[in-house]
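> I am sharing query-v6.txt, which consists of compact mmCIF, C-alpha atoms:
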```
# COMPACT_ATOMS: atom_id res chain seq x y z
CA MET A 1 57.70 18.99 11.42
CA ALA A 2 55.19 20.58 13.70
CA MET A 3 52.34 18.53 15.11
CA THR A 4 49.07 18.78 13.28
CA LEU A 5 45.45 18.12 13.99
CA HIS A 6 42.77 17.10 11.56
CA VAL A 7 40.03 19.63 10.92
CA ASP A 8 36.67 19.07 9.28
CA ILE A 9 34.44 22.00 8.54
CA VAL A 10 31.04 20.93 7.29
CA SER A 11 27.74 22.61 6.72
CA ALA A 12 24.52 20.69 6.22
CA GLU A 13 24.58 21.19 2.50
CA LYS A 14 28.29 20.65 1.78
CA GLU A 15 31.78 19.97 3.07
CA LEU A 16 33.89 23.10 3.32
CA PHE A 17 37.29 21.85 4.47
CA SER A 18 38.95 18.64 5.53
CA GLY A 19 42.64 18.23 6.20
CA PRO A 20 45.56 18.68 8.60
CA VAL A 21 46.32 22.08 10.14
CA GLU A 22 48.64 23.42 12.82
CA MET A 23 46.20 25.65 14.60
CA VAL A 24 42.50 26.53 14.49
CA THR A 25 41.06 29.81 15.65
CA ALA A 26 37.29 29.90 16.01
CA PRO A 27 34.74 32.38 17.37
CA GLY A 28 33.42 30.55 20.44
CA GLU A 29 30.37 31.89 22.16
CA LEU A 30 32.39 32.93 25.20
CA GLY A 31 35.28 34.30 23.20
CA GLU A 32 37.83 33.55 20.56
CA LEU A 33 39.31 30.05 20.82
CA GLY A 34 42.74 28.99 19.63
CA ILE A 35 43.12 25.22 19.39
CA LEU A 36 46.42 23.40 19.08
CA PRO A 37 47.00 19.64 18.81
CA ARG A 38 46.33 17.66 22.02
CA HIS A 39 43.73 20.08 23.20
CA SER A 40 41.40 18.57 25.77
CA GLN A 41 37.91 17.49 24.64
CA LEU A 42 35.70 20.48 24.26
CA LEU A 43 32.21 21.20 23.05
CA THR A 44 31.03 24.71 22.40
CA ARG A 45 28.70 26.81 20.34
CA LEU A 46 30.07 29.18 17.74
CA LYS A 47 29.12 32.76 17.10
CA PRO A 48 28.91 34.05 13.55
CA GLY A 49 32.43 34.96 12.57
CA GLN A 50 35.66 33.83 11.03
CA VAL A 51 37.36 30.47 11.45
CA ARG A 52 41.08 30.79 10.82
CA LEU A 53 43.10 27.74 9.89
CA GLN A 54 46.88 27.82 10.04
CA LEU A 55 47.95 25.25 7.49
CA GLN A 56 51.27 23.43 7.44
CA GLY A 57 53.98 25.78 6.20
CA GLY A 58 52.43 28.88 7.70
CA GLU A 59 49.75 29.47 5.11
CA GLU A 60 46.41 30.71 6.42
CA GLN A 61 42.90 29.96 5.28
CA LEU A 62 39.74 31.78 6.33
CA PHE A 63 36.16 30.56 6.53
CA TYR A 64 33.07 32.42 7.50
CA VAL A 65 30.61 30.56 9.70
CA SER A 66 27.21 31.88 10.65
CA GLY A 67 27.13 30.04 13.92
CA GLY A 68 27.23 26.34 14.62
CA MET A 69 29.03 23.95 16.93
CA LEU A 70 32.62 23.05 17.57
CA GLU A 71 33.80 19.72 18.88
CA VAL A 72 37.40 19.15 19.87
CA GLN A 73 38.99 15.74 20.31
CA PRO A 74 42.75 15.60 20.96
CA HIS A 75 43.61 15.23 17.29
CA VAL A 76 40.36 15.98 15.52
CA VAL A 77 38.40 19.18 15.38
CA THR A 78 34.92 19.15 13.90
CA ILE A 79 33.10 22.34 13.05
CA LEU A 80 29.41 21.87 12.32
CA SER A 81 28.50 25.09 10.66
CA ASP A 82 24.93 26.30 10.31
CA THR A 83 23.86 26.92 6.76
CA ALA A 84 22.12 30.21 7.07
CA GLU A 85 21.63 32.85 9.65
CA ARG A 86 19.16 31.24 12.00
CA ALA A 87 16.96 33.45 13.99
CA ARG A 88 16.30 32.14 17.45
CA ASP A 89 12.61 31.69 16.90
CA LEU A 90 12.73 30.52 13.31
CA ASP A 91 12.16 26.90 14.35
CA GLU A 92 9.20 27.91 16.46
CA VAL A 93 7.49 29.61 13.53
CA ALA A 94 8.21 26.69 11.23
CA ALA A 95 6.84 24.23 13.78
CA GLN A 96 3.68 26.28 14.17
CA THR A 97 3.08 26.41 10.42
CA ALA A 98 3.63 22.67 10.09
CA LYS A 99 1.07 21.99 12.79
CA GLN A 100 -1.39 24.50 11.42
CA ARG A 101 -1.09 23.12 7.93
CA ALA A 102 -2.01 19.66 9.16
CA GLU A 103 -4.99 20.99 11.09
CA GLN A 104 -6.11 23.24 8.28
CA VAL A 105 -6.03 20.54 5.67
CA ILE A 106 -7.86 18.18 7.98
CA ALA A 107 -10.53 20.78 8.70
CA ASP A 108 -10.94 22.05 5.16
CA SER A 109 -13.01 19.57 3.23
CA ARG A 110 -12.24 21.04 -0.18
CA SER A 111 -8.52 20.52 0.16
CA GLU A 112 -5.95 18.24 -1.35
CA PHE A 113 -7.28 15.20 0.43
CA ASP A 114 -10.68 15.64 -1.14
CA PHE A 115 -9.01 16.13 -4.44
CA ALA A 116 -7.45 12.71 -4.02
CA ARG A 117 -10.78 11.16 -3.13
CA ALA A 118 -12.46 12.85 -6.06
CA LYS A 119 -9.77 11.46 -8.31
CA ALA A 120 -10.38 7.99 -6.95
CA GLU A 121 -14.12 8.38 -7.49
CA LEU A 122 -13.55 9.64 -11.00
CA ALA A 123 -11.37 6.62 -11.80
CA GLU A 124 -14.12 4.35 -10.47
CA ALA A 125 -16.76 6.08 -12.58
CA ILE A 126 -14.62 5.80 -15.69
CA ALA A 127 -14.10 2.11 -15.07
CA GLN A 128 -17.86 1.62 -14.70
CA LEU A 129 -18.55 3.50 -17.93
CA GLN A 130 -16.01 1.40 -19.75
CA THR A 131 -17.62 -1.80 -18.53
CA ILE A 132 -21.05 -0.59 -19.61
CA GLU A 133 -19.74 0.28 -23.04
CA LYS A 134 -18.08 -3.10 -23.40
CA MET A 135 -21.30 -4.86 -22.41
CA ARG A 136 -23.26 -2.81 -24.95
CA ARG A 137 -20.85 -3.77 -27.68
CA LEU A 138 -21.10 -7.41 -26.76
CA ARG A 139 -24.88 -7.23 -26.90
CA LYS A 140 -24.77 -5.50 -30.30
CA SER A 141 -22.45 -8.04 -31.87
CA GLY A 142 -24.14 -10.98 -30.15
CA MET B 143 -13.41 0.09 -44.11
CA ALA B 144 -14.78 -0.25 -40.63
CA GLY B 145 -12.75 0.87 -37.67
CA ALA B 146 -9.70 2.06 -39.63
CA LYS B 147 -10.26 5.65 -38.66
CA GLU B 148 -10.77 4.74 -35.04
CA ILE B 149 -7.55 2.78 -34.99
CA ARG B 150 -5.72 5.68 -36.57
CA THR B 151 -6.93 8.16 -33.94
CA LYS B 152 -6.03 5.73 -31.20
CA ILE B 153 -2.50 5.36 -32.56
CA LYS B 154 -2.19 9.12 -32.71
CA SER B 155 -3.33 9.56 -29.10
CA ILE B 156 -0.95 6.87 -27.86
CA LYS B 157 1.88 8.52 -29.77
CA SER B 158 1.27 11.83 -28.04
CA THR B 159 1.16 10.08 -24.66
CA GLN B 160 4.45 8.43 -25.51
CA LYS B 161 5.96 11.82 -26.29
CA ILE B 162 4.96 13.06 -22.86
CA THR B 163 6.31 10.02 -21.03
CA LYS B 164 9.57 10.26 -22.95
CA ALA B 165 9.97 13.91 -22.03
CA MET B 166 9.19 13.13 -18.38
CA GLU B 167 11.77 10.37 -18.43
CA MET B 168 14.48 12.71 -19.62
CA VAL B 169 13.54 15.43 -17.15
CA ALA B 170 13.58 12.90 -14.31
CA ALA B 171 17.00 11.61 -15.41
CA SER B 172 18.60 15.03 -15.28
CA LYS B 173 16.90 15.90 -12.00
CA MET B 174 18.07 12.62 -10.54
CA ARG B 175 21.68 13.47 -11.28
CA LYS B 176 21.32 16.76 -9.46
CA ALA B 177 19.55 15.14 -6.54
CA GLN B 178 22.32 12.58 -6.23
CA GLU B 179 24.89 15.35 -6.07
CA ARG B 180 22.95 17.05 -3.31
CA MET B 181 22.72 13.74 -1.50
CA ARG B 182 26.49 13.34 -1.66
CA ALA B 183 27.05 16.92 -0.54
CA ALA B 184 24.89 16.43 2.54
CA ARG B 185 26.71 13.29 3.63
CA PRO B 186 29.81 14.76 5.35
CA TYR B 187 27.74 16.80 7.80
CA ALA B 188 25.56 13.82 8.68
CA SER B 189 28.51 11.54 9.24
CA LYS B 190 30.46 14.12 11.24
CA ILE B 191 27.58 14.91 13.54
CA ARG B 192 27.05 11.18 13.94
CA ASN B 193 30.68 10.93 15.10
CA VAL B 194 30.22 13.70 17.60
CA ILE B 195 27.05 12.07 18.93
CA SER B 196 28.81 8.75 19.31
CA HIS B 197 31.62 10.49 21.22
CA LEU B 198 29.00 12.12 23.37
CA ALA B 199 27.27 8.82 24.10
CA HIS B 200 30.57 7.45 25.36
CA ALA B 201 31.63 10.48 27.31
CA HIS B 202 30.76 10.40 30.99
CA THR B 203 28.79 13.55 30.83
CA GLU B 204 27.54 15.24 33.97
CA TYR B 205 24.22 15.81 32.24
CA ARG B 206 22.39 12.83 30.73
CA SER B 207 20.03 13.95 28.03
CA PRO B 208 16.73 12.07 27.68
CA GLY B 209 17.69 11.76 24.02
CA LEU B 210 20.41 9.30 25.00
CA ILE B 211 18.42 7.10 27.36
CA GLU B 212 16.02 4.41 26.16
CA ARG B 213 12.73 4.48 27.98
CA GLU B 214 9.58 2.41 27.94
CA VAL B 215 7.68 3.11 24.76
CA LYS B 216 3.98 3.89 25.00
CA ARG B 217 3.66 6.24 22.08
CA VAL B 218 5.94 6.81 19.13
CA GLY B 219 6.32 9.70 16.76
CA LEU B 220 6.77 8.80 13.14
CA ILE B 221 8.12 11.15 10.50
CA VAL B 222 7.11 9.90 7.06
CA ILE B 223 8.92 11.31 4.05
CA SER B 224 7.11 10.85 0.75
CA THR B 225 6.93 12.58 -2.59
CA ASP B 226 4.58 15.40 -3.55
CA ARG B 227 3.66 14.02 -6.92
CA GLY B 228 2.80 10.62 -8.31
CA LEU B 229 3.87 8.89 -11.50
CA CYS B 230 6.87 7.37 -9.82
CA GLY B 231 5.99 3.68 -9.87
CA GLY B 232 5.50 1.86 -6.60
CA LEU B 233 7.81 4.13 -4.64
CA ASN B 234 5.27 5.60 -2.24
CA THR B 235 3.17 2.46 -2.11
CA ASN B 236 6.11 0.36 -0.99
CA LEU B 237 7.02 2.95 1.59
CA PHE B 238 3.50 3.06 2.98
CA LYS B 239 3.33 -0.73 3.07
CA ALA B 240 6.45 -0.84 5.20
CA THR B 241 5.07 1.93 7.39
CA ILE B 242 1.75 0.17 7.88
CA ALA B 243 3.53 -3.05 8.81
CA ALA B 244 5.54 -1.21 11.46
CA MET B 245 2.46 0.61 12.72
CA GLN B 246 0.55 -2.63 13.03
CA GLN B 247 3.37 -4.14 15.02
CA TRP B 248 3.30 -1.16 17.36
CA ARG B 249 -0.47 -1.35 17.69
CA GLY B 250 -0.11 -5.01 18.61
CA GLN B 251 2.07 -3.95 21.51
CA GLY B 252 -0.40 -1.28 22.52
CA VAL B 253 1.79 1.55 21.27
CA GLU B 254 0.07 4.59 19.78
CA VAL B 255 1.50 6.37 16.75
CA ASP B 256 1.68 10.11 16.08
CA LEU B 257 2.46 10.97 12.49
CA CYS B 258 4.29 13.83 10.94
CA THR B 259 4.13 13.80 7.17
CA ILE B 260 6.48 15.39 4.68
CA GLY B 261 5.07 15.41 1.15
CA THR B 262 1.44 15.42 0.02
CA LYS B 263 1.28 11.71 -0.82
CA ALA B 264 1.96 10.61 2.75
CA PHE B 265 -0.54 13.09 4.08
CA GLN B 266 -3.31 11.96 1.75
CA PHE B 267 -2.62 8.33 2.49
CA PHE B 268 -2.56 8.56 6.28
CA ARG B 269 -5.47 10.96 6.31
CA ARG B 270 -7.58 8.35 4.57
CA LEU B 271 -6.39 5.74 7.05
CA LYS B 272 -7.47 8.03 9.87
CA GLY B 273 -3.93 8.21 11.17
CA ASN B 274 -3.17 10.83 13.80
CA VAL B 275 -1.34 13.44 11.73
CA VAL B 276 0.05 16.14 14.01
CA ALA B 277 2.21 18.05 11.55
CA HIS B 278 2.55 18.30 7.81
CA VAL B 279 4.79 20.05 5.31
CA ALA B 280 4.67 19.72 1.55
CA HIS B 281 5.73 21.31 -1.71
CA LEU B 282 9.39 21.48 -0.79
CA GLY B 283 10.37 21.10 -4.42
CA ASP B 284 13.23 19.20 -5.95
CA ALA B 285 15.90 20.98 -3.95
CA PRO B 286 14.72 21.02 -0.34
CA ARG B 287 16.55 23.44 1.91
CA PHE B 288 17.83 22.65 5.37
CA GLU B 289 15.42 25.17 6.84
CA ASP B 290 12.49 23.18 5.44
CA VAL B 291 12.89 20.35 7.95
CA LEU B 292 13.09 22.57 11.03
CA GLY B 293 9.32 22.70 11.56
CA PRO B 294 8.47 18.99 11.57
CA VAL B 295 11.61 18.14 13.54
CA LYS B 296 10.75 20.74 16.14
CA VAL B 297 7.22 19.38 16.54
CA MET B 298 8.55 15.88 17.14
CA ALA B 299 11.47 17.02 19.31
CA ASP B 300 9.11 19.00 21.53
CA ALA B 301 6.76 16.05 21.83
CA PHE B 302 9.74 13.93 22.83
CA THR B 303 11.14 16.30 25.43
CA GLU B 304 7.71 16.90 26.91
CA GLY B 305 7.21 13.13 27.15
CA ARG B 306 4.25 12.92 24.81
CA VAL B 307 6.14 10.42 22.67
CA ASP B 308 8.83 8.05 23.90
CA ALA B 309 10.66 7.50 20.64
CA VAL B 310 10.79 9.14 17.24
CA HIS B 311 11.21 7.12 14.08
CA LEU B 312 11.79 8.18 10.52
CA VAL B 313 10.54 6.47 7.36
CA TYR B 314 12.03 7.25 3.96
CA ASN B 315 13.26 5.63 0.80
CA GLU B 316 16.89 4.66 0.68
CA PHE B 317 18.63 5.21 -2.63
CA VAL B 318 20.42 1.94 -3.42
CA ASN B 319 20.85 2.55 -7.11
CA THR B 320 18.81 3.82 -10.03
CA MET B 321 16.79 0.61 -10.26
CA THR B 322 16.39 -0.09 -6.55
CA GLN B 323 14.94 2.05 -3.78
CA LYS B 324 14.36 0.51 -0.40
CA PRO B 325 11.95 1.75 2.27
CA ARG B 326 13.76 2.25 5.55
CA ILE B 327 12.62 2.84 9.09
CA GLU B 328 15.14 4.36 11.41
CA GLN B 329 15.01 5.39 15.04
CA LEU B 330 15.96 9.02 15.51
CA VAL B 331 15.73 9.42 19.27
CA PRO B 332 16.63 7.98 21.68
CA ILE B 333 19.96 7.52 19.98
CA THR B 334 20.33 3.82 19.25
CA ALA B 335 23.23 1.56 20.08
CA GLU B 336 23.98 1.35 16.38
CA VAL B 337 24.97 4.99 16.32
CA LYS B 338 26.63 4.87 19.73
CA ASP B 339 28.87 1.92 19.00
CA THR B 340 31.56 3.54 16.94
CA ALA B 341 33.78 5.21 19.51
CA PRO B 342 36.54 3.84 21.74
CA GLN B 343 35.70 3.26 25.38
CA HIS B 344 37.41 5.17 28.11
CA ARG B 345 36.36 7.60 30.77
CA TRP B 346 36.44 11.22 29.88
CA ASP B 347 34.19 14.21 29.61
CA TYR B 348 34.06 17.35 27.57
CA ILE B 349 34.82 20.85 28.66
CA TYR B 350 31.59 22.69 27.97
CA GLU B 351 31.28 26.29 27.03
CA PRO B 352 28.92 27.53 28.34
CA ASP B 353 26.44 24.95 29.64
CA PRO B 354 26.41 21.17 29.02
CA LYS B 355 22.64 20.77 29.03
CA GLU B 356 22.03 23.43 26.44
CA LEU B 357 24.88 22.26 24.25
CA ILE B 358 23.92 18.61 24.28
CA GLU B 359 20.29 19.38 23.53
CA LEU B 360 21.35 21.64 20.68
CA LEU B 361 23.63 18.96 19.31
CA LEU B 362 20.88 16.34 19.44
CA ARG B 363 18.50 18.71 17.72
CA ARG B 364 21.01 19.38 14.97
CA TYR B 365 21.54 15.67 14.65
CA GLY B 366 17.83 15.06 14.16
CA GLU B 367 17.60 17.84 11.63
CA SER B 368 20.56 16.62 9.68
CA VAL B 369 19.27 13.04 9.54
CA VAL B 370 15.85 14.21 8.38
CA TYR B 371 17.37 16.56 5.83
CA GLN B 372 19.65 13.83 4.52
CA SER B 373 16.70 11.44 4.21
CA LEU B 374 14.64 14.10 2.48
CA VAL B 375 17.33 14.69 -0.12
CA GLU B 376 17.75 10.95 -0.57
CA ASN B 377 14.01 10.56 -1.04
CA VAL B 378 14.06 13.15 -3.82
CA ALA B 379 16.79 11.18 -5.58
CA CYS B 380 14.64 8.05 -5.17
CA GLU B 381 11.60 9.83 -6.55
CA MET B 382 13.45 10.92 -9.66
CA ALA B 383 15.01 7.51 -10.22
CA ALA B 384 11.66 5.76 -9.77
CA ARG B 385 9.94 8.22 -12.06
CA MET B 386 12.61 7.76 -14.69
CA VAL B 387 12.21 3.99 -14.63
CA ALA B 388 8.41 4.17 -14.59
CA MET B 389 8.35 6.59 -17.51
CA LYS B 390 10.79 4.49 -19.46
CA SER B 391 8.62 1.42 -19.15
CA ALA B 392 5.55 3.51 -19.99
CA SER B 393 7.24 4.70 -23.19
CA ASP B 394 8.24 1.14 -24.04
CA ASN B 395 4.72 -0.10 -23.43
CA ALA B 396 3.30 2.68 -25.59
CA GLY B 397 5.69 1.63 -28.36
CA ALA B 398 4.55 -1.99 -28.13
CA LEU B 399 0.91 -0.89 -28.17
CA ILE B 400 1.48 1.26 -31.25
CA ASP B 401 3.12 -1.66 -33.06
CA GLU B 402 0.20 -3.89 -32.24
CA LEU B 403 -2.37 -1.33 -33.35
CA GLN B 404 -0.42 -0.65 -36.52
CA LEU B 405 -0.58 -4.35 -37.35
CA ILE B 406 -4.34 -4.45 -36.76
CA TYR B 407 -4.74 -1.32 -38.87
CA ASN B 408 -2.74 -2.80 -41.77
CA LYS B 409 -4.72 -6.03 -41.63
CA ALA B 410 -8.01 -4.14 -41.65
CA ARG B 411 -6.85 -2.05 -44.58
CA GLN B 412 -5.76 -5.11 -46.52
CA ALA B 413 -9.01 -6.92 -45.79
CA SER B 414 -11.05 -4.00 -47.05
CA ILE B 415 -8.99 -3.80 -50.27
CA THR B 416 -9.44 -7.52 -50.85
CA GLN B 417 -13.14 -7.16 -50.25
CA GLU B 418 -13.43 -4.28 -52.69
CA LEU B 419 -11.52 -6.19 -55.32
CA SER B 420 -13.65 -9.26 -54.97
CA GLU B 421 -16.75 -7.07 -55.18
CA ILE B 422 -15.49 -5.53 -58.43
CA VAL B 423 -14.62 -8.92 -59.84
CA GLY B 424 -18.02 -10.25 -58.78
CA GLY B 425 -19.76 -7.25 -60.34
CA ALA B 426 -17.84 -7.66 -63.62
CA ALA B 427 -18.75 -11.35 -63.74
CA ALA B 428 -22.45 -10.51 -63.25
CA VAL B 429 -22.33 -8.16 -66.25
```
Rewrite the coordinates I just gave you, this time as C-alpha cells.

Amino acid sequence: MAMTLHVDIVSAEKELFSGPVEMVTAPGELGELGILPRHSQLLTRLKPGQVRLQLQGGEEQLFYVSGGMLEVQPHVVTILSDTAERARDLDEVAAQTAKQRAEQVIADSRSEFDFARAKAELAEAIAQLQTIEKMRRLRKSG
Amino acid sequence: MAGAKEIRTKIKSIKSTQKITKAMEMVAASKMRKAQERMRAARPYASKIRNVISHLAHAHTEYRSPGLIEREVKRVGLIVISTDRGLCGGLNTNLFKATIAAMQQWRGQGVEVDLCTIGTKAFQFFRRLKGNVVAHVAHLGDAPRFEDVLGPVKVMADAFTEGRVDAVHLVYNEFVNTMTQKPRIEQLVPITAEVKDTAPQHRWDYIYEPDPKELIELLLRRYGESVVYQSLVENVACEMAARMVAMKSASDNAGALIDELQLIYNKARQASITQELSEIVGGAAAV
C-alpha cells in the first residue's frame, strides 16, 4: 500500500474534506504545488484555483478554493480556505465603517443610545405613575 | 359586581401577552437549532488554524511576529460580543458584569481599555458607562457571515501592530448547554501559552513561499478573525437559548397569573350572586 498523508480542507463556515490521500496538488501563490507524504514543513498562500486530491486507489477529487493558506507538516496537510472572494481592500473598508459607525452614533444624539435612555426614562415615569395611582387608591379606600 | 369587568380585561390582556411569549419561545427554539449547527460547522476551521498557530509558535522561525511575543501591557483592546435585541434573560447583563470586573482589575493596574463592540446592547451599555468605544458593528442578524467580523478585527489588529494596544481580549458568551451560558474572556493576541502548548518540541522551521513575515501576519490575522467569528456564532446560539428559556418562564408565569386572576374573578362573581340573593330574600321578607 502506498504511503498516505492526512488532508484537512476547511473553510471558516464548514469542513470540506478530511481524510487520507496519496497526493495533494494545490495552486500556491508562486506556482502549482504537488505534495507527497514526508514533504518538508511548508507554509504558503493559495491563489484561487483547484485543489486536486489523489485518493487511495487512484480516484481523484477536486475542490475549488478562492484563496487561503496551506500548511504542510510531514504527514498532515491543512488547507485553510477563504470563504468568499476577498478583495484586497475589503478589510480596510469594513474597518473604516466600523470606526465611523461608532463615531457617528456617539456624535448623533438622536441615535440608538438615546433611544435606550428614553426607554429607561419612560420606564421610570411609568413606575412613578403606578405608585401615584396606588397611593390614590389607598387614600380613597382609607 | 364591582371589578369583575376589570379582572376580565386583565385576563384577556395577559392571555394575549402569553400568546406572544409562546410564539417567541418557539421561534427562538428553532433558531437555536440552526445556530448550533452553524457553531458546529465553524469549529473545524478554528481548531485547524489553532493547530497551525501552535506549530508556528514552536517553529524556530526567522521572523518573530509581535503577535507571538508577550509584552508589557499598558493598554488593552477589548472586543465585546453582545446581542442586538433584548428579551433574552440575564445573558447580556452577566456578560457585562464579567466585563466590568475585568475592566476594573485592569484599571487597578493602571491599564487603559479600548472597546470594540459587536451588537447594539454592548454599545449602549458601554456608551452609558463612558467607555472608550473605538469601533462598533451591529445588526449582523441571526446568521452572521465571516466577512462581518473583518472590520472590528482589523481595527484591533491595526491598533496592536501599531503599538496602541499591547493585548487584545475577546468577551463573549460560551454555549455550555441550552440552560447554561457562561461569559468568557479570552486573550486573542499575543497568542497565549494555552494555545501554544499543544505541539511537540523540536527544532525546525517552515519553508515559506513567498515571504515569512507576510505569511505569518496573514495567518495570525486569519486566526483572530476565525476566533471572533466562532465566538459570534456561539453568542447567537446563546442568545437564542437564553431567549427560549426566558420566554418559557414568561409563558409559565403568565399562566400562573391567569389562574390566580380567574380565581379572584370567580370569587367576586360568587360573592355578587350571594349578595343579590340575600337582597331578594331580604326584600321578600320586608313585603
> Starting from chain A, keep only residues with some atom at most 8 Å from an atom of chain B, counting all atoms listed in the file, and report them as a ChimeraX atom specification.
/A:10-15,29-30,40-45,69,71,78,80,83,91-103,106,112-113,116
> Would you pick out the contacts of stretch 308-311 of chain B at 7 Å or less, using all atoms listed in the file, so that residues sharing its chain but fewer than 3 positions from it are not included, and give the list as a list of chain:residue names?
B:Arg213, B:Glu214, B:Val215, B:Lys216, B:Arg217, B:Val218, B:Gly219, B:Leu220, B:Ile221, B:Phe302, B:Gly305, B:Ile327, B:Glu328, B:Gln329, B:Leu330, B:Val331, B:Pro332
> So which one's closest to A:Val51, A:Gly19, A:Pro74, A:Gly28, A:Pro37? Using only C-alpha atoms, please.
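Nearest candidate to A:Val51 out of A:Gly19, A:Pro74, A:Gly28, A:Pro37: A:Gly28.
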> State, in Å with one decimal place, the distance from atom CA of B:Arg206 to atom CA of B:Lys355.
8.1 Å
> Record the distance separating atom CA of A:Arg38 and atom CA of A:Thr25, expressed in Å with one decimal.
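Here the two named atoms are 14.7 Å from each other.
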> Take atom CA of B:Ile162 and atom CA of B:Gly228 and report the distance between them in Å, one decimal.
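Distance between the two atoms: 14.9 Å.
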> Using only C-alpha atoms, can you tell me which of B:Lys154, B:Lys239, B:His281, B:Arg306 comes closest to B:Glu254?
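Looking only at the distances to B:Glu254, the closest residue turns out to be B:Arg306.
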> List as a list in words the residues having at least one atom at most 9 Å from position (53.9, 21.4, 11.1) as given in the file, counting only C-alpha atoms.
Met1, Ala2, Met3, Thr4, Val21, Glu22, Leu55, Gln56, Gly57 and Gly58 of chain A
> Which of these residues is nearest to B:Thr163, using only C-alpha atoms: B:Leu282, B:Ile406, B:Val423, B:Leu229?
B:Leu229
> Looking at B:Ala285, B:Met245, B:Leu233, B:Leu419, which one is nearest to B:Leu271, with distances taken over only C-alpha atoms?
B:Met245
> Enumerate, as a PyMOL selection string, the protein, DNA and RNA residues whose atoms approach (38.5, 15.9, 6.2) to within 8 Å, taking into account all atoms listed in the file and the coordinate frame of the file.
chain A and resi 6-9+17-20
> Using only C-alpha atoms, which of the listed residues (B:Ala410, B:Met386, B:Leu257, B:Ser196) sits closest to B:Glu148?
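Checking each candidate against B:Glu148, we get B:Ala410 as the closest.
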> Considering all atoms listed in the file, state which residue in the set A:Gly34, A:Glu60, A:Val24, A:Gly49 is at the smallest distance from A:Ser81.
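When distances to A:Ser81 are compared using all atoms listed in the file, the smallest one comes from A:Gly49.
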